[in-house]
Amino acid sequence: MNGRHFASAASLLALCGCSYAPLTYMRTYGPAADPITSLGWGLTIVCSIVVVVITMLVLIATLRARATRGSMAAIAISRSSNGLLWIYIGTGLSSLVLLGLLIWTMITLAAVADSPKAPSLTIEIRAHQWWWEARYIDPIAADTFVTANELHIPVGTAVRLRLIGDDVIHSFWIPALAGKTDVIPGQTNAAWIEATTAGLYRGQCTEYCGLQHAHMSEAVIAESDAQFQQWRTLQLSDAASPESATSLQGQQVFLSHCAACHTVRGTDAGGILGPDLTHLMGRRTIAAGTLPNNLDSLTRWIANAQAIKPGCQMPAVELSHEDLVAVVAYVQTLD
Amino acid sequence: MVTTRRNSPRASLAATGLFIGIAVALCGCKQGRQSSAPNQAQTLPPEGALNSLPLGALAGGARLGVPDNIANPLAGNDEAIAAGHQLFMEMNCAGCHGYDAKGGMGPNLTDKYWRYGGMPSSIYNSIYAGRPQGMPAWGKALPPQDIWRLVTFIQSLGGTVSATYYQVGLEGDHDISSVAPEVPHSLGDAYLPAGVAAVTGSGERLSAPTTSPSQSP
Amino acid sequence: MNCSVAARLAMALFLSQLYVPQAFAASDSTVPAASLAPLTALQSTSASTAPNDPAGEWHMQAHDYANTRYSTLDQINLSNVGRLRVAWTFSDGAMYGHEGAPLVVGSMMYVVAPFPDVAYALDLSKPGSPIKWSFAPDPSPIAIGKACCDAVIRGWAYAKGKLIYNLLDDHTVAVDVKTGKQIWRTKMGNVENGETMTMAPFVVGDKVFVGNSGGELGKIGWLAALDVDTGKELWRAYSAGSDQLVKIGPDFKPYYDWLKGKDLGISTWPADMWRTAGGAVWGWISYDPDLNLLYYGTSNPSPRVPVQRPGLNLWSSSMFARDPDTGAAKWAYSFTPHDQWDYDGVNENVLLDLTIGGRRRKVLVQFNRNAYAYTIDRETGEVLVAAPFAYQTWSSGFDMKSATAIVRPDKEPKPNIKTTDVCPPDIGGKDWQPSAFSPKTGLLYAGIFNICMDVTDHRQSYISGTPYDGMEMTRQAGPGKHWGEFMAWDPVNGRKVWAIEETFMTMSGALATAGDLVFYGTVDGWFRAVNDRTGKVLWSQKLGSGIIAAPMTYQGPDGRQYVAVYAGVGGGAMVSKAMPGFPPRGSTLYVFSLDGDSVSTGLEMPTTEGGSTSTQNDNSQTGR
């Protein structure tokens, strides 16, 4: 029975690598997290060995005790000095191992504290209930833009993150890239990430922040430098003007119903309470990872956001069917 | 070799049924969670930008957000006051009416003078449909609950008047305590139907005036 | 200045203090300057009086292109100013703040009331100064709720037989001065989106220049040129955006390197924020006919929360020199780049010729909102002098090399945190109230403020038609507890020569005359005449309401000199409305003369021979 449990545990661990576990931190892909993972594995192995060794010793001691038959008087009471030796060896080895682990931990902490190379990209992340605002900072003011929930970064580039809470304490966590950093109102926390491989890295808010804490996920998409520049140029551009009659009507609906809370650059919509929607269609999900970004979800979300994410800041807007179709058509032009 | 316990077919079916049942029950709950604000099936201001109804209520034209005499469903609700205060700042109301709501580009919201009426329903309609001297129309941008939250916040500032025409008729558009003491305040009560008490907008029962002088804003 | 001249001046100063003590005696209410430079040194400061209108008339708000607000009339002077009495008054019936000065052309006086912007022509030759005609343009009432700082009108212009002024709801209108009928009306913007117009149009030749208000509502600022005869728009230069919009071309040569570059009106703002940049043109314009350049400033950047708009935010809180024929910018300078305190740059630029560092230079002087008085070479945009004229804490000094003030980090407003004791406040060390220059003394005279603020920023959404603001402020008096001050300023050395402290704000314009007098008014309604050399108050008269308008002077058809000023508090003075003694609103023009003599005063029974009624302006009767 023991063997079977052990075998299943081991095979589950082995399966980790190939199963879809987007929030796994057992395999990481960047220098902000790799040292931690190595340390984690190292600690696991050392601790496993220690557990095995101690178990073996306990078993041996138990079995040896069982092997002794006869009366209580036959059991020796006094011990030879070999017993103390066990303690000396045990304590000494443990101390050495613990010291080694301590040094390893310190080295790891130093390695992940700050990026070894100067970050060439700074993103200011402001956590709201329940979505992430991301502002890409640039020395040239005009190259500063705002997006939401999905960050794109170039592969192999260290990215400085400035984390500020807008309302309550949240926590920013991309498990495959870095450890958790709390996002606190009134305080700017600094963190950094770097992705060594291109790919999609999902994240999650990891500090309970209210009703929809579970529906507050972020994502980091690491891509080649050329792709990143392409994405960045797109983000800096204004929204394209809608062309079809329905989407033009939808723009009017948007401006009167949505503009007080949302920004679409290039139009009169300048609200900052909700995410910037200028290039919404380039994102994989909407509502901070709650729904996939497709026509059906968009329609359901705009029709009644409270039904999907109750308590969120987006009110249930009362739109006629015609207006709903029009505004969804407009939103779909926001590439 | 890994040995796993297979789930019995019966158990998995029961689990699926349970999930479906919960989902259906939740759908039912969703219906009940509609806003409890008064009926808003009125004509909205015409399409266009936020202030597309520059002249406010059209004479004899579109019906306003709520009928007169409606009481504020959120009156006195502390959470609504706080939410209304936050909306007051986020929707730039503070920019025109002042962060203390004592006026600036727009009128003072804490005093007893109301250009377009100080009843909760008038204030609702002012916010909903806009007004001629530059008050934008928020009926499309803000859902009814949010407008009531704003009304609740404004009511908490102390300047608004009673919820119904009847009370306004008794009091006038001013604080009843500023009326000369000789006027018998119970006069109004005498004309109420039996068993009905006169109630102010904030829920208090009308009573004899206090002797404190009216405060200056 | 070389050593011998300096030695001679020092000797002169020493001797003057020994032998002529009375000349520098001050009344109890004046603050003597630390040292008084002999005024002879400053008297080489001069200004052009182009377009050289008749001396007894007043054809434009600033009196002349150089904005001197100086009159050569001297019938009222030091010896007789104590005899000034009210000759006649005129109430225009509108209760918003009165900020403009009447114009006198021939024997007619033209005034325009604040909203609803009714214009009146008063016949000065007849008893009672009757209304010859009035013109009611019926501007949209929406404008009242979109005007940040009261539904005011800051002045009107006269050109070629037309009275030209801006309506609050974004129109410019021209009225025939003979008949009072509209000649043209041009729509300049959309008032529903938060744009209004309050400034006084400025005429040069066949063109009239107008600008917008709306820096507090996220409107991008602009200056436009209209044809005086037809009202057709000839060009419009914006205060932000691409070089094409800002009309920056190959002729543009700013003096400082940090103002050179392509499309700075876009690159100094976060993505797309230049569209709601502010930089409105709601103040004064001056003109140099020799250099053929217009000078004007731009308002604060929008929103008023600086963390929302990192970057230098050009071209807000700046000034431009433009070619009036094409609008092309010749140079520009930013007084407060990345302005965090609402320090607009729209105040008047007085054009002077003076000697600095031994060289004769054509300069302009501006008392900026940020409490620095700038003397700037108006040919190149080089800052020659920058000295604080009012109490300020926002900067710790001025770097002449880059011509920027050094910002104190603890006075930078932050969202949701109260920053205390920021001086000057949003309305500045001096607001739009214009200064005057006297060529006889070489000094500039201005009403300034001594006010500080505590400010908390709140991040703002841009919602069209609503304020794009975000500054929550409380204001209080600065050191000394007085809110206002009327001062004389030496533009060569950057120094206050004398100052009169006033309890209330001094938000009126200044008037300087050849009678050695300067006139100003206070927000609680005192209108005063002052000795322009010593700062001694010689005459005061309490008027019916606070004074926030500019005074002017003219010679009536009867040959007498009159001084006229509006009393009607409002506008930016309302920031002090909680002060005990703050006056109610008013709408009256006061006209003074020696002994109050005029055709409208007398022992007989003069009657009015009116030409037109004023009831079209009567809001209370016609349900407006």
# chains A, B, ... in the order shown; residues from 1 in each chain; ligands from 1
$ closest_atom_pairs --of "chain A" --to "chain B" --cutoff "6 Å" --atoms "only C-alpha atoms" --output "tab-separated table"
residue	atom	partner	partner_atom	distance
A:Ser8	CA	B:Val2	CA	5.7
A:Gln252	CA	B:Gly48	CA	5.4
A:Leu255	CA	B:Ala49	CA	5.9
A:Ser256	CA	B:Leu50	CA	5.0
A:His257	CA	B:Ala141	CA	4.2
$ write_last_selection --atoms "C-alpha atoms" --output "PDB file, in the first residue's frame"
ATOM      1  CA  SER A   8       1.375   7.364  -7.677  1.00  0.00           C
ATOM      2  CA  GLN A 252     -22.227  56.705 -30.411  1.00  0.00           C
ATOM      3  CA  LEU A 255     -19.546  57.396 -26.139  1.00  0.00           C
ATOM      4  CA  SER A 256     -22.754  57.991 -24.266  1.00  0.00           C
ATOM      5  CA  HIS A 257     -22.845  54.846 -22.136  1.00  0.00           C
TER       6      HIS A 257
END
$ interface_residues --of "chain C" --to "chain B" --cutoff "10 Å" --atoms "only C-alpha atoms" --output "number ranges by chain"
C: 140-151, 191-194, 216-217, 458-473, 574-575
$ interface_residues --of "chain C" --to "chain A" --cutoff "9 Å" --atoms "only C-alpha atoms" --output "list in words"
Ile266, Ser267, Thr268, Trp269, Pro270, Ala271, Asp272, Met273, Arg275, Arg309, Pro310, Gly311, Leu312, Asn313, Asn416, Arg459, Gln460, Ser461, Tyr462, Ile463 and Ser464 of chain C
$ residues_around --residues "segment 114-120 of chain A" --least-positions-apart "5" --cutoff "12 Å" --atoms "only C-alpha atoms" --output "list in words"
Gly30, Pro31, Ala32, Ala33, Thr108, Leu109, Tyr136, Ile137, Asp138, Pro139, Ile153, Pro154, Val155, Gly156, Thr157, Ala158, Val159, Arg160, Leu161, Arg162, Ala178, Ala190, Ala191, Trp192, Ile193, Glu194 and Ala195 of chain A
$ write_last_selection --atoms "N, CA and C atoms" --output "PDB file, in the first residue's frame"
ATOM      1  N   GLY A  30      12.404  32.020 -16.011  1.00  0.00           N
ATOM      2  CA  GLY A  30      13.086  33.307 -16.011  1.00  0.00           C
ATOM      3  C   GLY A  30      14.009  33.418 -14.819  1.00  0.00           C
ATOM      4  N   PRO A  31      14.997  34.279 -14.902  1.00  0.00           N
ATOM      5  CA  PRO A  31      15.973  34.409 -13.812  1.00  0.00           C
ATOM      6  C   PRO A  31      15.384  34.992 -12.540  1.00  0.00           C
ATOM      7  N   ALA A  32      14.185  35.546 -12.584  1.00  0.00           N
ATOM      8  CA  ALA A  32      13.566  36.023 -11.344  1.00  0.00           C
ATOM      9  C   ALA A  32      12.979  34.882 -10.550  1.00  0.00           C
ATOM     10  N   ALA A  33      12.826  33.736 -11.195  1.00  0.00           N
ATOM     11  CA  ALA A  33      12.186  32.615 -10.511  1.00  0.00           C
ATOM     12  C   ALA A  33      13.023  31.353 -10.538  1.00  0.00           C
ATOM     13  N   THR A 108      20.061  32.768  -3.290  1.00  0.00           N
ATOM     14  CA  THR A 108      18.845  32.828  -4.101  1.00  0.00           C
ATOM     15  C   THR A 108      18.112  34.137  -3.894  1.00  0.00           C
ATOM     16  N   LEU A 109      17.976  34.518  -2.623  1.00  0.00           N
ATOM     17  CA  LEU A 109      17.284  35.784  -2.346  1.00  0.00           C
ATOM     18  C   LEU A 109      17.979  36.948  -3.025  1.00  0.00           C
ATOM     19  N   TYR A 136       2.942  51.420 -19.553  1.00  0.00           N
ATOM     20  CA  TYR A 136       4.306  51.245 -20.040  1.00  0.00           C
ATOM     21  C   TYR A 136       4.994  52.597 -20.014  1.00  0.00           C
ATOM     22  N   ILE A 137       6.054  52.704 -19.217  1.00  0.00           N
ATOM     23  CA  ILE A 137       6.730  53.976 -19.011  1.00  0.00           C
ATOM     24  C   ILE A 137       7.861  54.105 -20.008  1.00  0.00           C
ATOM     25  N   ASP A 138       8.037  55.315 -20.490  1.00  0.00           N
ATOM     26  CA  ASP A 138       9.117  55.562 -21.441  1.00  0.00           C
ATOM     27  C   ASP A 138       9.658  56.954 -21.169  1.00  0.00           C
ATOM     28  N   PRO A 139      10.971  57.154 -21.347  1.00  0.00           N
ATOM     29  CA  PRO A 139      11.491  58.512 -21.130  1.00  0.00           C
ATOM     30  C   PRO A 139      10.842  59.550 -22.039  1.00  0.00           C
ATOM     31  N   ILE A 153       5.961  41.356 -23.136  1.00  0.00           N
ATOM     32  CA  ILE A 153       7.347  41.747 -22.880  1.00  0.00           C
ATOM     33  C   ILE A 153       8.236  41.035 -23.883  1.00  0.00           C
ATOM     34  N   PRO A 154       9.384  41.634 -24.186  1.00  0.00           N
ATOM     35  CA  PRO A 154      10.289  40.925 -25.092  1.00  0.00           C
ATOM     36  C   PRO A 154      11.060  39.851 -24.331  1.00  0.00           C
ATOM     37  N   VAL A 155      11.362  38.788 -25.026  1.00  0.00           N
ATOM     38  CA  VAL A 155      12.081  37.684 -24.412  1.00  0.00           C
ATOM     39  C   VAL A 155      13.482  38.130 -24.053  1.00  0.00           C
ATOM     40  N   GLY A 156      13.971  37.651 -22.932  1.00  0.00           N
ATOM     41  CA  GLY A 156      15.358  37.922 -22.564  1.00  0.00           C
ATOM     42  C   GLY A 156      15.594  39.332 -22.055  1.00  0.00           C
ATOM     43  N   THR A 157      14.556  40.111 -21.844  1.00  0.00           N
ATOM     44  CA  THR A 157      14.721  41.482 -21.348  1.00  0.00           C
ATOM     45  C   THR A 157      14.228  41.544 -19.920  1.00  0.00           C
ATOM     46  N   ALA A 158      15.040  42.168 -19.075  1.00  0.00           N
ATOM     47  CA  ALA A 158      14.577  42.362 -17.707  1.00  0.00           C
ATOM     48  C   ALA A 158      13.565  43.493 -17.688  1.00  0.00           C
ATOM     49  N   VAL A 159      12.472  43.267 -17.006  1.00  0.00           N
ATOM     50  CA  VAL A 159      11.388  44.244 -16.963  1.00  0.00           C
ATOM     51  C   VAL A 159      11.179  44.660 -15.518  1.00  0.00           C
ATOM     52  N   ARG A 160      11.280  45.950 -15.262  1.00  0.00           N
ATOM     53  CA  ARG A 160      11.012  46.453 -13.908  1.00  0.00           C
ATOM     54  C   ARG A 160       9.516  46.658 -13.760  1.00  0.00           C
ATOM     55  N   LEU A 161       8.959  46.185 -12.663  1.00  0.00           N
ATOM     56  CA  LEU A 161       7.542  46.398 -12.397  1.00  0.00           C
ATOM     57  C   LEU A 161       7.389  47.312 -11.193  1.00  0.00           C
ATOM     58  N   ARG A 162       6.573  48.336 -11.336  1.00  0.00           N
ATOM     59  CA  ARG A 162       6.244  49.183 -10.182  1.00  0.00           C
ATOM     60  C   ARG A 162       4.788  48.884  -9.842  1.00  0.00           C
ATOM     61  N   ALA A 178       8.081  34.703 -11.545  1.00  0.00           N
ATOM     62  CA  ALA A 178       8.586  35.369 -10.342  1.00  0.00           C
ATOM     63  C   ALA A 178       7.711  35.006  -9.158  1.00  0.00           C
ATOM     64  N   ALA A 190       8.480  47.445  -5.803  1.00  0.00           N
ATOM     65  CA  ALA A 190       9.220  47.154  -7.031  1.00  0.00           C
ATOM     66  C   ALA A 190       9.429  45.663  -7.153  1.00  0.00           C
ATOM     67  N   ALA A 191       9.255  45.164  -8.352  1.00  0.00           N
ATOM     68  CA  ALA A 191       9.531  43.759  -8.641  1.00  0.00           C
ATOM     69  C   ALA A 191      10.122  43.723 -10.041  1.00  0.00           C
ATOM     70  N   TRP A 192      10.551  42.537 -10.459  1.00  0.00           N
ATOM     71  CA  TRP A 192      11.048  42.433 -11.827  1.00  0.00           C
ATOM     72  C   TRP A 192      10.782  41.054 -12.354  1.00  0.00           C
ATOM     73  N   ILE A 193      10.651  40.959 -13.646  1.00  0.00           N
ATOM     74  CA  ILE A 193      10.505  39.659 -14.293  1.00  0.00           C
ATOM     75  C   ILE A 193      11.356  39.649 -15.558  1.00  0.00           C
ATOM     76  N   GLU A 194      11.679  38.444 -15.959  1.00  0.00           N
ATOM     77  CA  GLU A 194      12.355  38.281 -17.241  1.00  0.00           C
ATOM     78  C   GLU A 194      11.993  36.903 -17.747  1.00  0.00           C
ATOM     79  N   ALA A 195      11.585  36.822 -18.976  1.00  0.00           N
ATOM     80  CA  ALA A 195      11.216  35.525 -19.549  1.00  0.00           C
ATOM     81  C   ALA A 195      12.316  35.077 -20.481  1.00  0.00           C
TER      82      ALA A 195
END
$ select_by_dssp --residues "segment 239-396 of chain C" --states "strand (DSSP E or B)" --output "ChimeraX atom specification"
/C:278,285-288,293-297,301,318-322,329-334,350-356,359-367,372-377,383-388,395-396
$ closest_residue --among "C:Phe527, C:Trp222, C:Tyr562, C:Tyr296" --to "Val104 of chain C" --atoms "only C-alpha atoms"
C:Tyr562
$ select_by_dssp --residues "segment 69-200 of chain A" --states "alpha helix (DSSP H)" --output "count of residues only"
32
$ closest_residue --among "B:Met119, B:Ala101, B:Leu87, B:Ala129" --to "Asn72 of chain B" --atoms "only C-alpha atoms"
B:Met119
$ atom_distance --atom1 "atom CA of Val183 of chain A" --atom2 "atom CA of Gln230 of chain A"
29.4 Å
$ atom_distance --atom1 "atom CA of Gly381 of chain C" --atom2 "atom CA of Ala446 of chain C"
22.9 Å
$ closest_residue --among "A:Leu93, A:Ala222, A:Ala214, A:Cys205" --to "Val50 of chain A" --atoms "only C-alpha atoms"
A:Leu93
$ atom_distance --atom1 "atom CA of Gly93 of chain C" --atom2 "atom CA of Val175 of chain C"
20.1 Å
$ residues_around --residues "Ala329 of chain A" --least-positions-apart "4" --cutoff "7 Å" --atoms "only C-alpha atoms" --output "count of residues only"
5
